[in-house]
Amino acid sequence: MNANLVFKYFPNLSEIQQNQVIKLAELYMDWNQKINVVSRKDIDELYLRHVVHSLGIAKIQRFKVDASVLDVGTGGGFPGVPLAILYPEVRFTLVDSIGKKIKVVDEVVAGLGLENVTTINDRVEAVKGQFDFIVSRAVAAMPTFVHWVKGKVKKESLHERRNGILYLKGGDLGEELKGYRTAETFDLNDYFEEDFFETKKLVYLPMKYKG
């Protein structure tokens, strides 16, 4: 595992951020032995398969100061924790229905000293409030996901891109997205050169409002 992969694509990190990226692997290695949230194969390639993959969102959408982002089905803290390191002045809410996963996220967040992360152990439908963007990594088919997060996106946009969903997915998404004419798909291999990203994509779906 080598944090330099992160620094290669995000060269302007502060010293604090660089140290957090390095410490991230130590914390996950330690906690994953106690509570398994990342597969053994993936933990050996944590920076490639989890950290840089999560940060693919930042290649397409840069978050502004005081933006709010909801990470649905965060699991062990992805994509929320890497994004929270990259954007210390953005507020992240990480939600997962599985308590042991949120426990690991809490420990990692505390170990990194991240003060811009809130965690919730519940179903996303129970989460109160609205957010600028909702992020996730392939926790459900898009129609299901859209149903889960209905009403949780703010109407007023801080960013040039309209508020909505930023969803990391892989493979052929044609069938899944055919009902969403406004969806945009970005190939992550346009931003990262490693073979892992050959089939990885980011889907942006702006949320529409009536009235």
# chains A, B, ... in the order shown; residues from 1 in each chain; ligands from 1

$ select_by_dssp --residues "region 6-174 of chain A" --states "strand (DSSP E)" --output "CSV table (one decimal) with all heavy atoms, in the first residue's frame"
chain,number,residue,atom,x,y,z
A,68,SER,N,-22.7,20.8,2.0
A,68,SER,CA,-23.0,19.7,2.8
A,68,SER,C,-23.2,18.4,1.9
A,68,SER,O,-23.8,18.5,0.8
A,68,SER,CB,-24.3,19.9,3.6
A,68,SER,OG,-25.4,20.2,2.7
A,69,VAL,N,-22.6,17.3,2.3
A,69,VAL,CA,-22.6,16.1,1.5
A,69,VAL,C,-23.1,14.9,2.3
A,69,VAL,O,-22.6,14.7,3.4
A,69,VAL,CB,-21.2,15.9,0.9
A,69,VAL,CG1,-21.2,14.6,0.1
A,69,VAL,CG2,-20.7,17.0,0.0
A,70,LEU,N,-24.0,14.1,1.8
A,70,LEU,CA,-24.5,12.9,2.5
A,70,LEU,C,-23.9,11.7,1.8
A,70,LEU,O,-24.1,11.5,0.6
A,70,LEU,CB,-26.0,12.9,2.4
A,70,LEU,CG,-26.7,11.6,3.0
A,70,LEU,CD1,-26.4,11.5,4.5
A,70,LEU,CD2,-28.2,11.7,2.7
A,71,ASP,N,-23.2,10.8,2.5
A,71,ASP,CA,-22.7,9.6,2.0
A,71,ASP,C,-23.6,8.5,2.4
A,71,ASP,O,-23.6,8.1,3.6
A,71,ASP,CB,-21.2,9.4,2.5
A,71,ASP,CG,-20.6,8.1,2.1
A,71,ASP,OD1,-21.2,7.4,1.3
A,71,ASP,OD2,-19.5,7.8,2.5
A,72,VAL,N,-24.3,7.9,1.5
A,72,VAL,CA,-25.3,6.8,1.8
A,72,VAL,C,-24.7,5.4,1.7
A,72,VAL,O,-24.1,5.1,0.6
A,72,VAL,CB,-26.5,7.0,0.8
A,72,VAL,CG1,-27.5,5.9,1.1
A,72,VAL,CG2,-27.1,8.3,1.0
A,91,ARG,N,-19.0,19.9,5.1
A,91,ARG,CA,-19.6,19.1,6.1
A,91,ARG,C,-20.1,17.8,5.5
A,91,ARG,O,-20.9,17.8,4.5
A,91,ARG,CB,-20.8,19.8,6.7
A,91,ARG,CG,-20.3,21.0,7.7
A,91,ARG,CD,-21.5,21.9,8.1
A,91,ARG,NE,-21.9,22.7,6.9
A,91,ARG,CZ,-23.1,22.8,6.4
A,91,ARG,NH1,-24.0,22.0,6.9
A,91,ARG,NH2,-23.4,23.6,5.4
A,92,PHE,N,-19.6,16.7,6.0
A,92,PHE,CA,-20.0,15.3,5.5
A,92,PHE,C,-20.8,14.6,6.6
A,92,PHE,O,-20.4,14.5,7.7
A,92,PHE,CB,-18.8,14.5,5.2
A,92,PHE,CG,-18.0,15.1,4.0
A,92,PHE,CD1,-17.1,16.1,4.1
A,92,PHE,CD2,-18.3,14.6,2.7
A,92,PHE,CE1,-16.4,16.6,3.0
A,92,PHE,CE2,-17.7,15.1,1.6
A,92,PHE,CZ,-16.7,16.1,1.7
A,93,THR,N,-21.9,14.0,6.1
A,93,THR,CA,-22.7,13.1,7.0
A,93,THR,C,-22.6,11.7,6.4
A,93,THR,O,-23.0,11.5,5.2
A,93,THR,CB,-24.2,13.6,7.0
A,93,THR,OG1,-24.2,14.9,7.6
A,93,THR,CG2,-25.0,12.7,7.9
A,94,LEU,N,-22.1,10.8,7.1
A,94,LEU,CA,-21.9,9.4,6.7
A,94,LEU,C,-23.0,8.5,7.3
A,94,LEU,O,-23.0,8.4,8.6
A,94,LEU,CB,-20.5,8.9,7.0
A,94,LEU,CG,-19.4,9.3,6.0
A,94,LEU,CD1,-19.3,10.8,5.8
A,94,LEU,CD2,-18.1,8.8,6.5
A,95,VAL,N,-23.8,7.8,6.6
A,95,VAL,CA,-24.9,7.0,7.1
A,95,VAL,C,-24.7,5.5,6.7
A,95,VAL,O,-24.4,5.3,5.5
A,95,VAL,CB,-26.3,7.6,6.8
A,95,VAL,CG1,-26.5,7.6,5.2
A,95,VAL,CG2,-27.4,6.7,7.4
A,96,ASP,N,-24.9,4.6,7.6
A,96,ASP,CA,-25.0,3.2,7.3
A,96,ASP,C,-25.9,2.5,8.3
A,96,ASP,O,-25.9,2.9,9.5
A,96,ASP,CB,-23.6,2.6,7.3
A,96,ASP,CG,-23.6,1.3,6.4
A,96,ASP,OD1,-24.1,0.3,6.9
A,96,ASP,OD2,-23.0,1.3,5.3
A,117,VAL,N,-17.0,15.6,10.0
A,117,VAL,CA,-17.7,14.4,9.7
A,117,VAL,C,-18.7,14.0,10.8
A,117,VAL,O,-18.3,14.0,12.0
A,117,VAL,CB,-16.8,13.1,9.5
A,117,VAL,CG1,-17.6,11.9,9.4
A,117,VAL,CG2,-15.9,13.4,8.3
A,118,THR,N,-20.0,13.8,10.4
A,118,THR,CA,-21.0,13.3,11.4
A,118,THR,C,-21.4,11.9,10.9
A,118,THR,O,-21.5,11.7,9.7
A,118,THR,CB,-22.2,14.2,11.3
A,118,THR,OG1,-21.8,15.5,11.7
A,118,THR,CG2,-23.3,13.7,12.3
A,119,THR,N,-21.6,11.0,11.8
A,119,THR,CA,-22.0,9.6,11.4
A,119,THR,C,-23.4,9.3,11.9
A,119,THR,O,-23.7,9.8,13.0
A,119,THR,CB,-21.0,8.5,11.9
A,119,THR,OG1,-21.0,8.6,13.3
A,119,THR,CG2,-19.6,8.7,11.3
A,120,ILE,N,-24.1,8.5,11.2
A,120,ILE,CA,-25.5,8.1,11.6
A,120,ILE,C,-25.6,6.6,11.4
A,120,ILE,O,-25.4,6.2,10.2
A,120,ILE,CB,-26.6,8.9,10.8
A,120,ILE,CG1,-26.5,10.4,11.1
A,120,ILE,CG2,-28.0,8.4,11.2
A,120,ILE,CD1,-27.4,11.2,10.3
A,121,ASN,N,-26.0,5.9,12.4
A,121,ASN,CA,-26.3,4.5,12.3
A,121,ASN,C,-27.8,4.3,12.1
A,121,ASN,O,-28.5,4.2,13.1
A,121,ASN,CB,-25.7,3.7,13.5
A,121,ASN,CG,-26.1,2.2,13.5
A,121,ASN,OD1,-26.2,1.6,14.5
A,121,ASN,ND2,-26.3,1.7,12.3
A,133,PHE,N,-25.1,17.7,-2.1
A,133,PHE,CA,-24.9,16.5,-2.9
A,133,PHE,C,-25.0,15.2,-2.1
A,133,PHE,O,-24.7,15.2,-0.9
A,133,PHE,CB,-23.5,16.5,-3.6
A,133,PHE,CG,-23.4,17.5,-4.7
A,133,PHE,CD1,-22.8,18.7,-4.5
A,133,PHE,CD2,-23.9,17.2,-6.0
A,133,PHE,CE1,-22.7,19.7,-5.6
A,133,PHE,CE2,-23.8,18.1,-7.0
A,133,PHE,CZ,-23.2,19.3,-6.8
A,134,ILE,N,-25.4,14.2,-2.8
A,134,ILE,CA,-25.5,12.8,-2.1
A,134,ILE,C,-24.5,11.9,-2.9
A,134,ILE,O,-24.6,11.9,-4.1
A,134,ILE,CB,-26.9,12.3,-2.2
A,134,ILE,CG1,-27.9,13.2,-1.4
A,134,ILE,CG2,-27.0,10.8,-1.7
A,134,ILE,CD1,-29.3,12.8,-1.4
A,135,VAL,N,-23.6,11.3,-2.2
A,135,VAL,CA,-22.6,10.5,-2.8
A,135,VAL,C,-22.8,9.0,-2.3
A,135,VAL,O,-23.3,8.8,-1.2
A,135,VAL,CB,-21.2,11.0,-2.5
A,135,VAL,CG1,-21.0,12.4,-3.0
A,135,VAL,CG2,-20.8,10.9,-1.0
A,136,SER,N,-22.3,8.1,-3.1
A,136,SER,CA,-22.3,6.7,-2.7
A,136,SER,C,-21.5,5.9,-3.7
A,136,SER,O,-21.2,6.3,-4.8
A,136,SER,CB,-23.8,6.2,-2.7
A,136,SER,OG,-23.9,4.9,-2.1
A,137,ARG,N,-21.2,4.6,-3.3
A,137,ARG,CA,-20.5,3.7,-4.1
A,137,ARG,C,-21.4,2.4,-4.3
A,137,ARG,O,-21.4,1.5,-3.5
A,137,ARG,CB,-19.2,3.2,-3.5
A,137,ARG,CG,-18.2,4.3,-3.5
A,137,ARG,CD,-16.7,3.8,-3.5
A,137,ARG,NE,-16.5,2.8,-2.4
A,137,ARG,CZ,-15.4,2.1,-2.3
A,137,ARG,NH1,-14.4,2.2,-3.2
A,137,ARG,NH2,-15.2,1.2,-1.3
A,164,GLY,N,-27.4,17.3,-6.6
A,164,GLY,CA,-27.9,16.0,-7.0
A,164,GLY,C,-27.1,14.9,-6.5
A,164,GLY,O,-26.4,15.0,-5.4
A,165,ILE,N,-27.1,13.8,-7.2
A,165,ILE,CA,-26.4,12.5,-6.8
A,165,ILE,C,-25.1,12.4,-7.6
A,165,ILE,O,-25.1,12.6,-8.8
A,165,ILE,CB,-27.3,11.3,-7.1
A,165,ILE,CG1,-28.6,11.3,-6.2
A,165,ILE,CG2,-26.6,10.0,-7.0
A,165,ILE,CD1,-29.6,10.3,-6.6
A,166,LEU,N,-24.1,12.0,-6.9
A,166,LEU,CA,-22.8,11.6,-7.5
A,166,LEU,C,-22.5,10.2,-7.1
A,166,LEU,O,-22.2,9.9,-5.9
A,166,LEU,CB,-21.7,12.5,-7.0
A,166,LEU,CG,-21.8,14.0,-7.4
A,166,LEU,CD1,-20.9,14.9,-6.5
A,166,LEU,CD2,-21.5,14.2,-8.9
A,167,TYR,N,-22.6,9.3,-8.1
A,167,TYR,CA,-22.7,7.8,-7.8
A,167,TYR,C,-21.6,7.1,-8.5
A,167,TYR,O,-21.5,7.1,-9.7
A,167,TYR,CB,-24.1,7.3,-8.2
A,167,TYR,CG,-24.6,6.1,-7.5
A,167,TYR,CD1,-24.5,6.0,-6.2
A,167,TYR,CD2,-25.3,5.1,-8.2
A,167,TYR,CE1,-25.0,4.9,-5.5
A,167,TYR,CE2,-25.8,4.0,-7.6
A,167,TYR,CZ,-25.7,3.9,-6.3
A,167,TYR,OH,-26.2,2.8,-5.6
A,168,LEU,N,-20.7,6.4,-7.7
A,168,LEU,CA,-19.7,5.6,-8.3
A,168,LEU,C,-20.2,4.2,-8.6
A,168,LEU,O,-20.7,3.5,-7.7
A,168,LEU,CB,-18.5,5.5,-7.3
A,168,LEU,CG,-17.7,6.8,-7.0
A,168,LEU,CD1,-16.9,6.7,-5.7
A,168,LEU,CD2,-16.8,7.1,-8.2
A,169,LYS,N,-20.1,3.9,-9.9
A,169,LYS,CA,-20.6,2.6,-10.4
A,169,LYS,C,-19.6,2.0,-11.4
A,169,LYS,O,-18.7,2.7,-11.9
A,169,LYS,CB,-22.0,2.7,-11.0
A,169,LYS,CG,-23.1,3.2,-10.1
A,169,LYS,CD,-23.7,2.0,-9.4
A,169,LYS,CE,-24.8,1.3,-10.3
A,169,LYS,NZ,-25.5,0.2,-9.6
A,170,GLY,N,-19.9,0.7,-11.7
A,170,GLY,CA,-19.0,0.1,-12.7
A,170,GLY,C,-19.9,-0.7,-13.8
A,170,GLY,O,-21.1,-0.9,-13.6

$ closest_atom_pairs --of "region 85-141 of chain A" --to "region 37-52 of chain A" --cutoff "10 Å" --atoms "only C-alpha atoms" --output "CSV"
residue,atom,partner,partner_atom,distance
A:Lys100,CA,A:Val37,CA,8.4
A:Lys101,CA,A:Val37,CA,6.4
A:Ile102,CA,A:Val37,CA,9.8
A:Val104,CA,A:Val37,CA,7.9
A:Val105,CA,A:Val37,CA,9.7
A:Arg137,CA,A:His50,CA,9.9

$ write_last_selection --atoms "N, CA and C atoms" --output "PDB file, in the first residue's frame"
ATOM      1  N   LYS A 100     -21.694  -1.996  13.249  1.00  0.00           N
ATOM      2  CA  LYS A 100     -20.255  -2.273  13.379  1.00  0.00           C
ATOM      3  C   LYS A 100     -19.456  -1.481  12.347  1.00  0.00           C
ATOM      4  N   LYS A 101     -20.059  -1.231  11.206  1.00  0.00           N
ATOM      5  CA  LYS A 101     -19.359  -0.437  10.191  1.00  0.00           C
ATOM      6  C   LYS A 101     -19.213   1.016  10.644  1.00  0.00           C
ATOM      7  N   ILE A 102     -20.292   1.548  11.211  1.00  0.00           N
ATOM      8  CA  ILE A 102     -20.233   2.926  11.713  1.00  0.00           C
ATOM      9  C   ILE A 102     -19.255   3.034  12.873  1.00  0.00           C
ATOM     10  N   VAL A 104     -16.413   1.440  13.145  1.00  0.00           N
ATOM     11  CA  VAL A 104     -15.092   1.570  12.518  1.00  0.00           C
ATOM     12  C   VAL A 104     -14.909   2.983  11.965  1.00  0.00           C
ATOM     13  N   VAL A 105     -15.937   3.490  11.286  1.00  0.00           N
ATOM     14  CA  VAL A 105     -15.856   4.851  10.739  1.00  0.00           C
ATOM     15  C   VAL A 105     -15.598   5.858  11.858  1.00  0.00           C
ATOM     16  N   ARG A 137     -21.239   4.621  -3.257  1.00  0.00           N
ATOM     17  CA  ARG A 137     -20.533   3.669  -4.120  1.00  0.00           C
ATOM     18  C   ARG A 137     -21.395   2.430  -4.312  1.00  0.00           C
TER      19      ARG A 137
END

$ closest_residue --among "A:Ile60, A:Leu202, A:Val127, A:Leu112" --to "Ala25 (chain A)" --atoms "only C-alpha atoms"
A:Leu112

$ select_by_dssp --residues "region 25-92 of chain A" --states "alpha helix (DSSP H)" --output "number ranges by chain"
A: 25-34, 40-44, 46, 53-60, 80-86

$ residues_around --residues "Leu188 (chain A)" --least-positions-apart "5" --cutoff "6 Å" --atoms "only C-alpha atoms" --output "PyMOL selection string"
chain A and resi 197+200-201

$ write_last_selection --atoms "N, CA and C atoms" --output "mmCIF file, in the first residue's frame"
data_model
loop_
_atom_site.group_PDB
_atom_site.id
_atom_site.type_symbol
_atom_site.label_atom_id
_atom_site.label_comp_id
_atom_site.auth_asym_id
_atom_site.auth_seq_id
_atom_site.Cartn_x
_atom_site.Cartn_y
_atom_site.Cartn_z
ATOM 1 N N PHE A 197 -9.392 1.152 -13.009
ATOM 2 C CA PHE A 197 -10.418 2.138 -13.360
ATOM 3 C C PHE A 197 -10.993 1.954 -14.765
ATOM 4 N N LYS A 200 -14.663 1.607 -14.367
ATOM 5 C CA LYS A 200 -15.270 2.391 -13.287
ATOM 6 C C LYS A 200 -15.809 3.725 -13.816
ATOM 7 N N LYS A 201 -16.979 4.086 -13.315
ATOM 8 C CA LYS A 201 -17.639 5.302 -13.786
ATOM 9 C C LYS A 201 -18.184 6.115 -12.607
#

$ residues_around --residues "Leu55 (chain A)" --least-positions-apart "4" --cutoff "10 Å" --atoms "only C-alpha atoms" --output "ChimeraX atom specification"
/A:6,9-10,50-51,59-61,78-86

$ atom_distance --atom1 "CA of Leu13 (chain A)" --atom2 "CA of Val108 (chain A)"
19.3 Å

$ atom_distance --atom1 "CA of Arg123 (chain A)" --atom2 "CA of Tyr28 (chain A)"
23.7 Å

$ decode --residues "region 2-147 of chain A" --atoms "C-alpha atoms" --output "PDB file, in the first residue's frame"
ATOM      1  CA  ASN A   2       1.407   3.306  -1.003  1.00  0.00           C
ATOM      2  CA  ALA A   3      -0.058   6.716  -0.218  1.00  0.00           C
ATOM      3  CA  ASN A   4       1.974   8.170  -3.076  1.00  0.00           C
ATOM      4  CA  LEU A   5      -0.773   7.018  -5.410  1.00  0.00           C
ATOM      5  CA  VAL A   6      -3.037   9.607  -3.781  1.00  0.00           C
ATOM      6  CA  PHE A   7      -0.365  12.303  -3.923  1.00  0.00           C
ATOM      7  CA  LYS A   8       0.214  11.558  -7.609  1.00  0.00           C
ATOM      8  CA  TYR A   9      -3.337  12.597  -8.470  1.00  0.00           C
ATOM      9  CA  PHE A  10      -3.839  15.156  -5.698  1.00  0.00           C
ATOM     10  CA  PRO A  11      -0.459  16.925  -5.434  1.00  0.00           C
ATOM     11  CA  ASN A  12      -1.654  20.044  -3.611  1.00  0.00           C
ATOM     12  CA  LEU A  13      -2.544  18.519  -0.253  1.00  0.00           C
ATOM     13  CA  SER A  14      -1.395  20.319   2.891  1.00  0.00           C
ATOM     14  CA  GLU A  15       0.989  18.610   5.288  1.00  0.00           C
ATOM     15  CA  ILE A  16      -1.942  17.847   7.595  1.00  0.00           C
ATOM     16  CA  GLN A  17      -3.871  16.236   4.740  1.00  0.00           C
ATOM     17  CA  GLN A  18      -0.841  14.227   3.620  1.00  0.00           C
ATOM     18  CA  ASN A  19      -0.375  12.904   7.153  1.00  0.00           C
ATOM     19  CA  GLN A  20      -4.069  11.984   7.333  1.00  0.00           C
ATOM     20  CA  VAL A  21      -3.817  10.071   4.060  1.00  0.00           C
ATOM     21  CA  ILE A  22      -0.808   8.145   5.365  1.00  0.00           C
ATOM     22  CA  LYS A  23      -2.416   7.425   8.730  1.00  0.00           C
ATOM     23  CA  LEU A  24      -5.617   6.249   7.040  1.00  0.00           C
ATOM     24  CA  ALA A  25      -4.067   2.906   6.050  1.00  0.00           C
ATOM     25  CA  GLU A  26      -2.707   2.249   9.563  1.00  0.00           C
ATOM     26  CA  LEU A  27      -6.132   2.841  11.088  1.00  0.00           C
ATOM     27  CA  TYR A  28      -7.972   0.638   8.599  1.00  0.00           C
ATOM     28  CA  MET A  29      -5.396  -2.160   8.888  1.00  0.00           C
ATOM     29  CA  ASP A  30      -5.779  -2.105  12.659  1.00  0.00           C
ATOM     30  CA  TRP A  31      -9.565  -1.898  12.775  1.00  0.00           C
ATOM     31  CA  ASN A  32     -10.142  -4.335   9.941  1.00  0.00           C
ATOM     32  CA  GLN A  33      -8.506  -7.062  12.039  1.00  0.00           C
ATOM     33  CA  LYS A  34     -11.109  -6.452  14.747  1.00  0.00           C
ATOM     34  CA  ILE A  35     -14.179  -5.714  12.607  1.00  0.00           C
ATOM     35  CA  ASN A  36     -13.979  -6.773   8.996  1.00  0.00           C
ATOM     36  CA  VAL A  37     -15.271  -3.940   6.800  1.00  0.00           C
ATOM     37  CA  VAL A  38     -12.846  -4.241   3.887  1.00  0.00           C
ATOM     38  CA  SER A  39     -12.028  -7.533   2.134  1.00  0.00           C
ATOM     39  CA  ARG A  40      -8.513  -8.929   2.611  1.00  0.00           C
ATOM     40  CA  LYS A  41      -7.683  -8.418  -1.068  1.00  0.00           C
ATOM     41  CA  ASP A  42      -8.933  -4.842  -0.955  1.00  0.00           C
ATOM     42  CA  ILE A  43      -7.152  -3.900   2.277  1.00  0.00           C
ATOM     43  CA  ASP A  44      -3.829  -4.636   0.539  1.00  0.00           C
ATOM     44  CA  GLU A  45      -4.811  -2.170  -2.193  1.00  0.00           C
ATOM     45  CA  LEU A  46      -6.678   0.274   0.009  1.00  0.00           C
ATOM     46  CA  TYR A  47      -5.348   3.412  -1.677  1.00  0.00           C
ATOM     47  CA  LEU A  48      -6.178   2.209  -5.179  1.00  0.00           C
ATOM     48  CA  ARG A  49      -9.507   0.455  -4.647  1.00  0.00           C
ATOM     49  CA  HIS A  50     -10.970   2.660  -1.941  1.00  0.00           C
ATOM     50  CA  VAL A  51      -9.186   5.986  -1.440  1.00  0.00           C
ATOM     51  CA  VAL A  52      -8.407   7.056  -5.017  1.00  0.00           C
ATOM     52  CA  HIS A  53     -11.651   5.491  -6.243  1.00  0.00           C
ATOM     53  CA  SER A  54     -13.573   7.572  -3.698  1.00  0.00           C
ATOM     54  CA  LEU A  55     -11.681  10.697  -4.734  1.00  0.00           C
ATOM     55  CA  GLY A  56     -12.774  10.156  -8.320  1.00  0.00           C
ATOM     56  CA  ILE A  57     -15.813  12.192  -7.269  1.00  0.00           C
ATOM     57  CA  ALA A  58     -13.532  15.183  -6.664  1.00  0.00           C
ATOM     58  CA  LYS A  59     -12.178  14.969 -10.219  1.00  0.00           C
ATOM     59  CA  ILE A  60     -15.681  15.685 -11.530  1.00  0.00           C
ATOM     60  CA  GLN A  61     -17.144  17.854  -8.749  1.00  0.00           C
ATOM     61  CA  ARG A  62     -15.207  20.184  -6.464  1.00  0.00           C
ATOM     62  CA  PHE A  63     -17.132  21.053  -3.336  1.00  0.00           C
ATOM     63  CA  LYS A  64     -17.280  24.643  -2.107  1.00  0.00           C
ATOM     64  CA  VAL A  65     -16.735  25.826   1.463  1.00  0.00           C
ATOM     65  CA  ASP A  66     -19.747  25.100   3.703  1.00  0.00           C
ATOM     66  CA  ALA A  67     -21.288  22.652   1.243  1.00  0.00           C
ATOM     67  CA  SER A  68     -23.043  19.653   2.784  1.00  0.00           C
ATOM     68  CA  VAL A  69     -22.613  16.116   1.470  1.00  0.00           C
ATOM     69  CA  LEU A  70     -24.468  12.942   2.467  1.00  0.00           C
ATOM     70  CA  ASP A  71     -22.655   9.599   1.981  1.00  0.00           C
ATOM     71  CA  VAL A  72     -25.272   6.836   1.785  1.00  0.00           C
ATOM     72  CA  GLY A  73     -24.296   3.281   2.679  1.00  0.00           C
ATOM     73  CA  THR A  74     -20.821   4.449   3.615  1.00  0.00           C
ATOM     74  CA  GLY A  75     -19.715   0.984   4.800  1.00  0.00           C
ATOM     75  CA  GLY A  76     -16.211   1.452   6.170  1.00  0.00           C
ATOM     76  CA  GLY A  77     -16.277   5.160   5.309  1.00  0.00           C
ATOM     77  CA  PHE A  78     -16.079   5.336   1.528  1.00  0.00           C
ATOM     78  CA  PRO A  79     -16.304   7.643  -0.289  1.00  0.00           C
ATOM     79  CA  GLY A  80     -16.975   9.971   2.669  1.00  0.00           C
ATOM     80  CA  VAL A  81     -13.736   9.744   4.683  1.00  0.00           C
ATOM     81  CA  PRO A  82     -11.294  10.403   1.786  1.00  0.00           C
ATOM     82  CA  LEU A  83     -13.507  13.261   0.589  1.00  0.00           C
ATOM     83  CA  ALA A  84     -13.611  14.721   4.107  1.00  0.00           C
ATOM     84  CA  ILE A  85      -9.801  14.751   4.164  1.00  0.00           C
ATOM     85  CA  LEU A  86      -9.723  16.507   0.796  1.00  0.00           C
ATOM     86  CA  TYR A  87     -12.390  19.056   1.769  1.00  0.00           C
ATOM     87  CA  PRO A  88     -11.925  20.014   5.448  1.00  0.00           C
ATOM     88  CA  GLU A  89     -14.352  22.966   5.121  1.00  0.00           C
ATOM     89  CA  VAL A  90     -17.205  20.844   3.753  1.00  0.00           C
ATOM     90  CA  ARG A  91     -19.646  19.076   6.088  1.00  0.00           C
ATOM     91  CA  PHE A  92     -20.006  15.345   5.517  1.00  0.00           C
ATOM     92  CA  THR A  93     -22.708  13.097   6.962  1.00  0.00           C
ATOM     93  CA  LEU A  94     -21.940   9.377   6.662  1.00  0.00           C
ATOM     94  CA  VAL A  95     -24.858   6.990   7.116  1.00  0.00           C
ATOM     95  CA  ASP A  96     -25.002   3.196   7.268  1.00  0.00           C
ATOM     96  CA  SER A  97     -27.573   0.846   8.750  1.00  0.00           C
ATOM     97  CA  ILE A  98     -24.918  -1.580  10.032  1.00  0.00           C
ATOM     98  CA  GLY A  99     -23.662  -0.550  13.466  1.00  0.00           C
ATOM     99  CA  LYS A 100     -20.255  -2.273  13.379  1.00  0.00           C
ATOM    100  CA  LYS A 101     -19.359  -0.437  10.191  1.00  0.00           C
ATOM    101  CA  ILE A 102     -20.233   2.926  11.713  1.00  0.00           C
ATOM    102  CA  LYS A 103     -18.150   2.000  14.762  1.00  0.00           C
ATOM    103  CA  VAL A 104     -15.092   1.570  12.518  1.00  0.00           C
ATOM    104  CA  VAL A 105     -15.856   4.851  10.739  1.00  0.00           C
ATOM    105  CA  ASP A 106     -16.127   6.628  14.103  1.00  0.00           C
ATOM    106  CA  GLU A 107     -12.756   5.265  15.197  1.00  0.00           C
ATOM    107  CA  VAL A 108     -11.088   6.197  11.893  1.00  0.00           C
ATOM    108  CA  VAL A 109     -12.591   9.698  11.963  1.00  0.00           C
ATOM    109  CA  ALA A 110     -11.388  10.180  15.558  1.00  0.00           C
ATOM    110  CA  GLY A 111      -7.936   8.790  14.740  1.00  0.00           C
ATOM    111  CA  LEU A 112      -7.575  11.203  11.819  1.00  0.00           C
ATOM    112  CA  GLY A 113      -8.874  14.165  13.799  1.00  0.00           C
ATOM    113  CA  LEU A 114     -11.567  14.919  11.222  1.00  0.00           C
ATOM    114  CA  GLU A 115     -13.950  17.513  12.635  1.00  0.00           C
ATOM    115  CA  ASN A 116     -16.149  17.828   9.551  1.00  0.00           C
ATOM    116  CA  VAL A 117     -17.729  14.358   9.710  1.00  0.00           C
ATOM    117  CA  THR A 118     -20.983  13.285  11.355  1.00  0.00           C
ATOM    118  CA  THR A 119     -21.989   9.619  11.388  1.00  0.00           C
ATOM    119  CA  ILE A 120     -25.477   8.119  11.614  1.00  0.00           C
ATOM    120  CA  ASN A 121     -26.260   4.464  12.256  1.00  0.00           C
ATOM    121  CA  ASP A 122     -29.650   4.169  10.568  1.00  0.00           C
ATOM    122  CA  ARG A 123     -31.396   3.725   7.253  1.00  0.00           C
ATOM    123  CA  VAL A 124     -31.023   6.735   4.985  1.00  0.00           C
ATOM    124  CA  GLU A 125     -34.790   7.235   4.932  1.00  0.00           C
ATOM    125  CA  ALA A 126     -34.564   8.193   8.621  1.00  0.00           C
ATOM    126  CA  VAL A 127     -31.920  10.890   8.054  1.00  0.00           C
ATOM    127  CA  LYS A 128     -33.214  14.418   8.664  1.00  0.00           C
ATOM    128  CA  GLY A 129     -32.199  17.465   6.664  1.00  0.00           C
ATOM    129  CA  GLN A 130     -31.180  18.241   3.095  1.00  0.00           C
ATOM    130  CA  PHE A 131     -27.802  18.293   1.377  1.00  0.00           C
ATOM    131  CA  ASP A 132     -26.077  19.821  -1.634  1.00  0.00           C
ATOM    132  CA  PHE A 133     -24.887  16.479  -2.948  1.00  0.00           C
ATOM    133  CA  ILE A 134     -25.502  12.837  -2.144  1.00  0.00           C
ATOM    134  CA  VAL A 135     -22.604  10.466  -2.799  1.00  0.00           C
ATOM    135  CA  SER A 136     -22.329   6.692  -2.735  1.00  0.00           C
ATOM    136  CA  ARG A 137     -20.533   3.669  -4.120  1.00  0.00           C
ATOM    137  CA  ALA A 138     -22.894   1.236  -5.848  1.00  0.00           C
ATOM    138  CA  VAL A 139     -25.088   0.333  -2.891  1.00  0.00           C
ATOM    139  CA  ALA A 140     -28.194  -0.224  -5.052  1.00  0.00           C
ATOM    140  CA  ALA A 141     -29.573   0.140  -8.556  1.00  0.00           C
ATOM    141  CA  MET A 142     -30.184   3.792  -9.416  1.00  0.00           C
ATOM    142  CA  PRO A 143     -34.026   3.661  -9.256  1.00  0.00           C
ATOM    143  CA  THR A 144     -33.843   2.170  -5.756  1.00  0.00           C
ATOM    144  CA  PHE A 145     -31.228   4.688  -4.664  1.00  0.00           C
ATOM    145  CA  VAL A 146     -33.222   7.646  -6.009  1.00  0.00           C
ATOM    146  CA  HIS A 147     -36.232   6.416  -4.024  1.00  0.00           C
TER     147      HIS A 147
END
